[in-house]
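Peer 1: Handing over final35.cif, mmCIF, N, CA, C and O atoms.
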data_start
#
loop_
_atom_site.group_PDB
_atom_site.id
_atom_site.type_symbol
_atom_site.label_atom_id
_atom_site.label_comp_id
_atom_site.auth_asym_id
_atom_site.auth_seq_id
_atom_site.Cartn_x
_atom_site.Cartn_y
_atom_site.Cartn_z
ATOM 1 N N MET A 1 169.696 47.311 55.445
ATOM 2 C CA MET A 1 168.775 47.704 56.486
ATOM 3 C C MET A 1 168.612 49.215 56.425
ATOM 4 O O MET A 1 169.567 49.944 56.228
ATOM 5 N N ARG A 2 167.410 49.655 56.601
ATOM 6 C CA ARG A 2 167.145 51.087 56.622
ATOM 7 C C ARG A 2 167.824 51.725 57.831
ATOM 8 O O ARG A 2 168.101 51.057 58.817
ATOM 9 N N THR A 3 168.053 53.014 57.771
ATOM 10 C CA THR A 3 168.621 53.718 58.910
ATOM 11 C C THR A 3 167.673 53.591 60.089
ATOM 12 O O THR A 3 166.468 53.744 59.954
ATOM 13 N N THR A 4 168.230 53.296 61.248
ATOM 14 C CA THR A 4 167.408 53.119 62.444
ATOM 15 C C THR A 4 168.155 53.615 63.667
ATOM 16 O O THR A 4 169.335 53.903 63.613
ATOM 17 N N SER A 5 167.468 53.699 64.762
ATOM 18 C CA SER A 5 168.009 54.181 66.022
ATOM 19 C C SER A 5 168.379 53.004 66.912
ATOM 20 O O SER A 5 167.785 51.928 66.820
ATOM 21 N N LEU A 6 169.317 53.217 67.802
ATOM 22 C CA LEU A 6 169.697 52.180 68.749
ATOM 23 C C LEU A 6 168.594 51.905 69.764
ATOM 24 O O LEU A 6 168.635 50.905 70.470
ATOM 25 N N ASP A 7 167.589 52.792 69.827
ATOM 26 C CA ASP A 7 166.475 52.629 70.768
ATOM 27 C C ASP A 7 165.302 51.841 70.192
ATOM 28 O O ASP A 7 164.384 51.485 70.923
ATOM 29 N N VAL A 8 165.293 51.587 68.887
ATOM 30 C CA VAL A 8 164.176 50.891 68.258
ATOM 31 C C VAL A 8 164.072 49.466 68.816
ATOM 32 O O VAL A 8 165.073 48.828 69.115
ATOM 33 N N SER A 9 162.846 48.987 68.998
ATOM 34 C CA SER A 9 162.637 47.624 69.485
ATOM 35 C C SER A 9 162.855 46.626 68.347
ATOM 36 O O SER A 9 162.369 46.828 67.239
ATOM 37 N N VAL A 10 163.599 45.578 68.659
ATOM 38 C CA VAL A 10 163.928 44.553 67.674
ATOM 39 C C VAL A 10 163.761 43.169 68.296
ATOM 40 O O VAL A 10 163.626 43.021 69.513
ATOM 41 N N ARG A 11 163.799 42.183 67.442
ATOM 42 C CA ARG A 11 163.853 40.787 67.871
ATOM 43 C C ARG A 11 165.196 40.239 67.422
ATOM 44 O O ARG A 11 165.551 40.323 66.246
ATOM 45 N N LEU A 12 165.956 39.717 68.346
ATOM 46 C CA LEU A 12 167.206 39.030 68.037
ATOM 47 C C LEU A 12 166.913 37.533 68.104
ATOM 48 O O LEU A 12 166.408 37.039 69.112
ATOM 49 N N TYR A 13 167.180 36.852 66.992
ATOM 50 C CA TYR A 13 166.911 35.419 67.005
ATOM 51 C C TYR A 13 168.004 34.634 66.301
ATOM 52 O O TYR A 13 168.753 35.161 65.482
ATOM 53 N N HIS A 14 168.068 33.359 66.683
ATOM 54 C CA HIS A 14 169.017 32.417 66.101
ATOM 55 C C HIS A 14 168.233 31.495 65.186
ATOM 56 O O HIS A 14 167.229 30.911 65.597
ATOM 57 N N LEU A 15 168.674 31.371 63.943
ATOM 58 C CA LEU A 15 168.023 30.502 62.973
ATOM 59 C C LEU A 15 168.874 29.257 62.798
ATOM 60 O O LEU A 15 169.969 29.315 62.237
ATOM 61 N N ASP A 16 168.373 28.156 63.312
ATOM 62 C CA ASP A 16 169.072 26.879 63.233
ATOM 63 C C ASP A 16 168.751 26.228 61.908
ATOM 64 O O ASP A 16 167.679 25.650 61.732
ATOM 65 N N GLY A 17 169.659 26.334 60.973
ATOM 66 C CA GLY A 17 169.453 25.774 59.645
ATOM 67 C C GLY A 17 169.606 24.264 59.597
ATOM 68 O O GLY A 17 169.260 23.630 58.612
ATOM 69 N N ALA A 18 170.113 23.678 60.680
ATOM 70 C CA ALA A 18 170.311 22.231 60.701
ATOM 71 C C ALA A 18 168.984 21.484 60.810
ATOM 72 O O ALA A 18 168.857 20.367 60.339
ATOM 73 N N SER A 19 168.005 22.117 61.441
ATOM 74 C CA SER A 19 166.693 21.480 61.571
ATOM 75 C C SER A 19 165.965 21.544 60.238
ATOM 76 O O SER A 19 166.149 22.481 59.466
ATOM 77 N N GLU A 20 165.110 20.583 59.979
ATOM 78 C CA GLU A 20 164.336 20.598 58.743
ATOM 79 C C GLU A 20 163.455 21.839 58.709
ATOM 80 O O GLU A 20 162.659 22.080 59.606
ATOM 81 N N GLY A 21 163.638 22.657 57.695
ATOM 82 C CA GLY A 21 162.880 23.899 57.584
ATOM 83 C C GLY A 21 163.414 25.022 58.454
ATOM 84 O O GLY A 21 162.939 26.135 58.394
ATOM 85 N N GLY A 22 164.391 24.755 59.280
ATOM 86 C CA GLY A 22 164.963 25.771 60.160
ATOM 87 C C GLY A 22 164.119 25.972 61.400
ATOM 88 O O GLY A 22 162.921 25.784 61.394
ATOM 89 N N ASN A 23 164.769 26.338 62.474
ATOM 90 C CA ASN A 23 164.101 26.585 63.736
ATOM 91 C C ASN A 23 164.585 27.919 64.269
ATOM 92 O O ASN A 23 165.776 28.096 64.506
ATOM 93 N N ALA A 24 163.690 28.872 64.443
ATOM 94 C CA ALA A 24 164.050 30.196 64.944
ATOM 95 C C ALA A 24 163.836 30.242 66.449
ATOM 96 O O ALA A 24 162.736 29.983 66.935
ATOM 97 N N SER A 25 164.903 30.550 67.176
ATOM 98 C CA SER A 25 164.835 30.684 68.632
ATOM 99 C C SER A 25 165.092 32.129 68.999
ATOM 100 O O SER A 25 166.169 32.665 68.711
ATOM 101 N N THR A 26 164.115 32.769 69.618
ATOM 102 C CA THR A 26 164.271 34.161 70.031
ATOM 103 C C THR A 26 165.198 34.249 71.229
ATOM 104 O O THR A 26 165.006 33.547 72.228
ATOM 105 N N LEU A 27 166.198 35.111 71.125
ATOM 106 C CA LEU A 27 167.123 35.337 72.225
ATOM 107 C C LEU A 27 166.753 36.587 73.019
ATOM 108 O O LEU A 27 167.041 36.672 74.211
ATOM 109 N N PHE A 28 166.104 37.567 72.343
ATOM 110 C CA PHE A 28 165.850 38.849 72.999
ATOM 111 C C PHE A 28 164.840 39.658 72.208
ATOM 112 O O PHE A 28 164.860 39.646 70.977
ATOM 113 N N TYR A 29 163.951 40.341 72.938
ATOM 114 C CA TYR A 29 163.088 41.387 72.388
ATOM 115 C C TYR A 29 163.416 42.656 73.151
ATOM 116 O O TYR A 29 163.424 42.647 74.378
ATOM 117 N N GLY A 30 163.687 43.727 72.451
ATOM 118 C CA GLY A 30 163.961 44.994 73.129
ATOM 119 C C GLY A 30 164.796 45.912 72.271
ATOM 120 O O GLY A 30 164.877 45.741 71.054
ATOM 121 N N PRO A 31 165.459 46.900 72.906
ATOM 122 C CA PRO A 31 166.231 47.906 72.161
ATOM 123 C C PRO A 31 167.382 47.299 71.357
ATOM 124 O O PRO A 31 168.047 46.361 71.806
ATOM 125 N N LEU A 32 167.590 47.848 70.179
ATOM 126 C CA LEU A 32 168.655 47.383 69.291
ATOM 127 C C LEU A 32 170.011 47.397 69.986
ATOM 128 O O LEU A 32 170.797 46.462 69.827
ATOM 129 N N ALA A 33 170.292 48.424 70.772
ATOM 130 C CA ALA A 33 171.592 48.516 71.444
ATOM 131 C C ALA A 33 171.843 47.296 72.322
ATOM 132 O O ALA A 33 172.941 46.723 72.309
ATOM 133 N N GLU A 34 170.837 46.866 73.070
ATOM 134 C CA GLU A 34 170.990 45.689 73.932
ATOM 135 C C GLU A 34 171.089 44.415 73.098
ATOM 136 O O GLU A 34 171.870 43.515 73.414
ATOM 137 N N ALA A 35 170.323 44.327 72.025
ATOM 138 C CA ALA A 35 170.390 43.164 71.142
ATOM 139 C C ALA A 35 171.803 43.004 70.574
ATOM 140 O O ALA A 35 172.322 41.893 70.493
ATOM 141 N N LEU A 36 172.423 44.110 70.202
ATOM 142 C CA LEU A 36 173.787 44.053 69.671
ATOM 143 C C LEU A 36 174.775 43.588 70.734
ATOM 144 O O LEU A 36 175.702 42.822 70.441
ATOM 145 N N ARG A 37 174.585 44.026 71.977
ATOM 146 C CA ARG A 37 175.469 43.583 73.064
ATOM 147 C C ARG A 37 175.316 42.077 73.307
ATOM 148 O O ARG A 37 176.302 41.365 73.512
ATOM 149 N N ILE A 38 174.081 41.598 73.290
ATOM 150 C CA ILE A 38 173.831 40.169 73.495
ATOM 151 C C ILE A 38 174.436 39.354 72.352
ATOM 152 O O ILE A 38 175.088 38.341 72.577
ATOM 153 N N ALA A 39 174.224 39.798 71.132
ATOM 154 C CA ALA A 39 174.753 39.088 69.962
ATOM 155 C C ALA A 39 176.275 39.025 70.000
ATOM 156 O O ALA A 39 176.866 37.988 69.672
ATOM 157 N N GLU A 40 176.896 40.105 70.413
ATOM 158 C CA GLU A 40 178.352 40.174 70.458
ATOM 159 C C GLU A 40 178.943 39.145 71.424
ATOM 160 O O GLU A 40 180.050 38.644 71.207
ATOM 161 N N ARG A 41 178.196 38.805 72.458
ATOM 162 C CA ARG A 41 178.680 37.859 73.479
ATOM 163 C C ARG A 41 178.490 36.395 73.078
ATOM 164 O O ARG A 41 178.970 35.499 73.773
ATOM 165 N N GLN A 42 177.811 36.140 71.968
ATOM 166 C CA GLN A 42 177.573 34.769 71.522
ATOM 167 C C GLN A 42 178.819 34.219 70.832
ATOM 168 O O GLN A 42 179.606 34.960 70.265
ATOM 169 N N PRO A 43 179.003 32.895 70.876
ATOM 170 C CA PRO A 43 180.130 32.284 70.154
ATOM 171 C C PRO A 43 180.033 32.572 68.653
ATOM 172 O O PRO A 43 178.939 32.765 68.119
ATOM 173 N N GLN A 44 181.161 32.564 67.980
ATOM 174 C CA GLN A 44 181.220 32.888 66.551
ATOM 175 C C GLN A 44 180.287 32.010 65.729
ATOM 176 O O GLN A 44 179.602 32.500 64.834
ATOM 177 N N ASP A 45 180.233 30.699 66.034
ATOM 178 C CA ASP A 45 179.375 29.817 65.243
ATOM 179 C C ASP A 45 177.897 30.147 65.436
ATOM 180 O O ASP A 45 177.093 29.953 64.530
ATOM 181 N N VAL A 46 177.516 30.683 66.572
ATOM 182 C CA VAL A 46 176.137 31.121 66.805
ATOM 183 C C VAL A 46 175.902 32.454 66.098
ATOM 184 O O VAL A 46 174.860 32.657 65.468
ATOM 185 N N GLN A 47 176.873 33.366 66.163
ATOM 186 C CA GLN A 47 176.744 34.683 65.516
ATOM 187 C C GLN A 47 176.444 34.544 64.024
ATOM 188 O O GLN A 47 175.718 35.362 63.461
ATOM 189 N N GLU A 48 176.980 33.525 63.400
ATOM 190 C CA GLU A 48 176.770 33.319 61.960
ATOM 191 C C GLU A 48 175.304 33.077 61.608
ATOM 192 O O GLU A 48 174.901 33.289 60.469
ATOM 193 N N ASP A 49 174.515 32.651 62.586
ATOM 194 C CA ASP A 49 173.096 32.344 62.347
ATOM 195 C C ASP A 49 172.164 33.270 63.121
ATOM 196 O O ASP A 49 171.000 32.936 63.345
ATOM 197 N N LEU A 50 172.665 34.436 63.544
ATOM 198 C CA LEU A 50 171.838 35.411 64.259
ATOM 199 C C LEU A 50 171.232 36.404 63.279
ATOM 200 O O LEU A 50 171.888 36.841 62.322
ATOM 201 N N PHE A 51 169.988 36.789 63.562
ATOM 202 C CA PHE A 51 169.282 37.781 62.753
ATOM 203 C C PHE A 51 168.609 38.787 63.660
ATOM 204 O O PHE A 51 168.201 38.448 64.778
ATOM 205 N N ILE A 52 168.495 40.005 63.160
ATOM 206 C CA ILE A 52 167.811 41.072 63.879
ATOM 207 C C ILE A 52 166.648 41.530 63.010
ATOM 208 O O ILE A 52 166.828 41.859 61.838
ATOM 209 N N ALA A 53 165.454 41.529 63.619
ATOM 210 C CA ALA A 53 164.239 41.924 62.900
ATOM 211 C C ALA A 53 163.653 43.180 63.523
ATOM 212 O O ALA A 53 163.470 43.251 64.740
ATOM 213 N N THR A 54 163.367 44.173 62.668
ATOM 214 C CA THR A 54 162.619 45.363 63.078
ATOM 215 C C THR A 54 161.193 45.188 62.548
ATOM 216 O O THR A 54 160.853 44.147 62.008
ATOM 217 N N ASP A 55 160.385 46.231 62.673
ATOM 218 C CA ASP A 55 159.021 46.163 62.153
ATOM 219 C C ASP A 55 158.978 45.932 60.642
ATOM 220 O O ASP A 55 158.026 45.362 60.129
ATOM 221 N N ASN A 56 160.019 46.395 59.927
ATOM 222 C CA ASN A 56 159.950 46.336 58.467
ATOM 223 C C ASN A 56 161.200 45.777 57.791
ATOM 224 O O ASN A 56 161.356 45.930 56.595
ATOM 225 N N ASP A 57 162.064 45.128 58.551
ATOM 226 C CA ASP A 57 163.302 44.627 57.960
ATOM 227 C C ASP A 57 163.862 43.469 58.774
ATOM 228 O O ASP A 57 163.600 43.369 59.972
ATOM 229 N N VAL A 58 164.640 42.628 58.122
ATOM 230 C CA VAL A 58 165.397 41.565 58.793
ATOM 231 C C VAL A 58 166.792 41.598 58.198
ATOM 232 O O VAL A 58 166.961 41.712 56.989
ATOM 233 N N VAL A 59 167.790 41.517 59.074
ATOM 234 C CA VAL A 59 169.170 41.529 58.598
ATOM 235 C C VAL A 59 169.995 40.564 59.439
ATOM 236 O O VAL A 59 169.742 40.383 60.630
ATOM 237 N N SER A 60 170.948 39.941 58.797
ATOM 238 C CA SER A 60 171.891 39.078 59.491
ATOM 239 C C SER A 60 172.737 39.938 60.434
ATOM 240 O O SER A 60 173.179 41.034 60.064
ATOM 241 N N TYR A 61 172.982 39.452 61.637
ATOM 242 C CA TYR A 61 173.801 40.190 62.599
ATOM 243 C C TYR A 61 175.176 40.512 62.011
ATOM 244 O O TYR A 61 175.644 41.649 62.103
ATOM 245 N N LEU A 62 175.823 39.531 61.398
ATOM 246 C CA LEU A 62 177.168 39.777 60.854
ATOM 247 C C LEU A 62 177.147 40.785 59.715
ATOM 248 O O LEU A 62 178.059 41.611 59.595
ATOM 249 N N ASP A 63 176.111 40.762 58.876
ATOM 250 C CA ASP A 63 175.992 41.767 57.823
ATOM 251 C C ASP A 63 175.804 43.151 58.425
ATOM 252 O O ASP A 63 176.351 44.138 57.938
ATOM 253 N N LEU A 64 175.023 43.230 59.482
ATOM 254 C CA LEU A 64 174.758 44.513 60.127
ATOM 255 C C LEU A 64 176.020 45.115 60.710
ATOM 256 O O LEU A 64 176.307 46.284 60.490
ATOM 257 N N ILE A 65 176.808 44.314 61.410
ATOM 258 C CA ILE A 65 178.008 44.886 62.016
ATOM 259 C C ILE A 65 179.073 45.190 60.966
ATOM 260 O O ILE A 65 179.862 46.104 61.141
ATOM 261 N N ASP A 66 179.080 44.440 59.855
ATOM 262 C CA ASP A 66 179.994 44.752 58.750
ATOM 263 C C ASP A 66 179.625 46.089 58.121
ATOM 264 O O ASP A 66 180.476 46.898 57.788
ATOM 265 N N ASP A 67 178.313 46.341 57.936
ATOM 266 C CA ASP A 67 177.834 47.576 57.332
ATOM 267 C C ASP A 67 177.939 48.776 58.258
ATOM 268 O O ASP A 67 178.037 49.906 57.804
ATOM 269 N N GLN A 68 177.893 48.540 59.540
ATOM 270 C CA GLN A 68 177.835 49.626 60.508
ATOM 271 C C GLN A 68 178.987 50.614 60.339
ATOM 272 O O GLN A 68 178.780 51.812 60.390
ATOM 273 N N GLY A 69 180.173 50.131 60.095
ATOM 274 C CA GLY A 69 181.311 51.022 59.943
ATOM 275 C C GLY A 69 181.335 51.737 58.598
ATOM 276 O O GLY A 69 181.888 52.818 58.475
ATOM 277 N N GLY A 70 180.672 51.173 57.597
ATOM 278 C CA GLY A 70 180.772 51.707 56.255
ATOM 279 C C GLY A 70 179.758 52.754 55.887
ATOM 280 O O GLY A 70 180.075 53.752 55.262
ATOM 281 N N ASN A 71 178.471 52.567 56.282
ATOM 282 C CA ASN A 71 177.478 53.503 55.768
ATOM 283 C C ASN A 71 176.597 54.159 56.822
ATOM 284 O O ASN A 71 175.621 54.799 56.490
ATOM 285 N N GLY A 72 176.925 53.959 58.103
ATOM 286 C CA GLY A 72 176.146 54.640 59.132
ATOM 287 C C GLY A 72 174.706 54.194 59.205
ATOM 288 O O GLY A 72 173.818 55.010 59.384
ATOM 289 N N ALA A 73 174.449 52.909 59.069
ATOM 290 C CA ALA A 73 173.076 52.411 59.081
ATOM 291 C C ALA A 73 172.419 52.538 60.443
ATOM 292 O O ALA A 73 171.213 52.512 60.545
ATOM 293 N N ILE A 74 173.226 52.674 61.494
ATOM 294 C CA ILE A 74 172.667 52.809 62.830
ATOM 295 C C ILE A 74 173.061 54.171 63.383
ATOM 296 O O ILE A 74 174.226 54.534 63.383
ATOM 297 N N GLU A 75 172.062 54.870 63.867
ATOM 298 C CA GLU A 75 172.310 56.190 64.441
ATOM 299 C C GLU A 75 172.176 56.123 65.942
ATOM 300 O O GLU A 75 171.296 55.442 66.458
ATOM 301 N N GLY A 76 173.027 56.834 66.655
ATOM 302 C CA GLY A 76 172.914 56.925 68.104
ATOM 303 C C GLY A 76 171.685 57.710 68.495
ATOM 304 O O GLY A 76 171.106 58.438 67.716
ATOM 305 N N SER A 77 171.266 57.527 69.734
ATOM 306 C CA SER A 77 170.060 58.239 70.182
ATOM 307 C C SER A 77 170.408 59.551 70.828
ATOM 308 O O SER A 77 171.504 59.862 71.132
#
Go ahead and express the file in the form of structure tokens.
Peer 2:
Amino acid sequence: MRTTSLDVSVRLYHLDGASEGGNASTLFYGPLAEALRIAERQPQDVQEDLFIATDNDVVSYLDLIDDQGGNGAIEGS
């Protein structure tokens, strides 16, 4: 994911791979910081299928939080 701000608007969604073709359910539209808080409160099995979409990128929630400590992909506002 490109470097972004915690204030950028994102879509947090759950991709249900069990459904034929997958079913995307939006959990939240708004600032990345709030999306991360919402995602963190979800059960582990739900977190595995969460994605965050910006205007030009989509990343798995778990990949994002794994990368966050390593390369500074998210900058504070």
Peer 1: Let me know the centre plus edge lengths, in Å and rounded to one decimal, of a box with edges along x, y and z that contains all listed atoms of stretch 37-48 of chain A and is padded by 6 Å on every side, as JSON.
Peer 2:
{"center_x": 177.5, "center_y": 36.9, "center_z": 67.1, "size_x": 19.4, "size_y": 26.2, "size_z": 25.3}
Peer 1: Do you have the atom N of A:Ile65-atom C of A:Val10 distance handy?
Peer 2: 14.8 Å
Peer 1: Excluding A:Asp55 and residues on its chain fewer than 2 positions from it, collect all residues at most 9 Å away from it, counting only C-alpha atoms, and give them as an MDAnalysis selection string.
Peer 2: chainID A and resid 9:10 53 57:58
Peer 1: Between A:Ile52, A:Val8, A:Val46, A:Leu15, single out the one closest to A:Leu32, counting all atoms listed in the file.
Peer 2: A:Val8
Peer 1: Between A:Ala33, A:Thr26, A:Tyr13, A:Asp67, which one has atoms that come closest to A:Leu50, using only N, CA, C and O atoms?
Peer 2: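 Ranking A:Ala33, A:Thr26, A:Tyr13, A:Asp67 by distance to A:Leu50, first place goes to A:Tyr13.
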Peer 1: Using Å and a single decimal, report how far atom C of A:Gly22 sits from atom N of A:Pro43.
Peer 2: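 Spanning atom N of A:Pro43 to atom C of A:Gly22 is a straight-line distance of 19.0 Å.
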Peer 1: Rounded to one decimal in Å, what is the spacing between atom N of A:Asn56 and atom N of A:Arg37?
Peer 2: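 Atom-to-atom, atom N of A:Asn56 and atom N of A:Arg37 are spaced 19.1 Å apart.
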Peer 1: Excluding A:Leu27 and its own-chain neighbours fewer than 4 positions away, which residues fall within 9 Å of it when counting only C-alpha atoms? Please give them as JSON, numbers by chain.
Peer 2: {"A": [11, 12, 13, 14, 35, 38, 39]}
Peer 1: From the list A:Asp7, A:Thr54, A:Gln47, A:Asp63, which residue is nearest A:Glu34 when using only N, CA, C and O atoms?
Peer 2: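 Smallest distance to A:Glu34 is found for A:Asp7.
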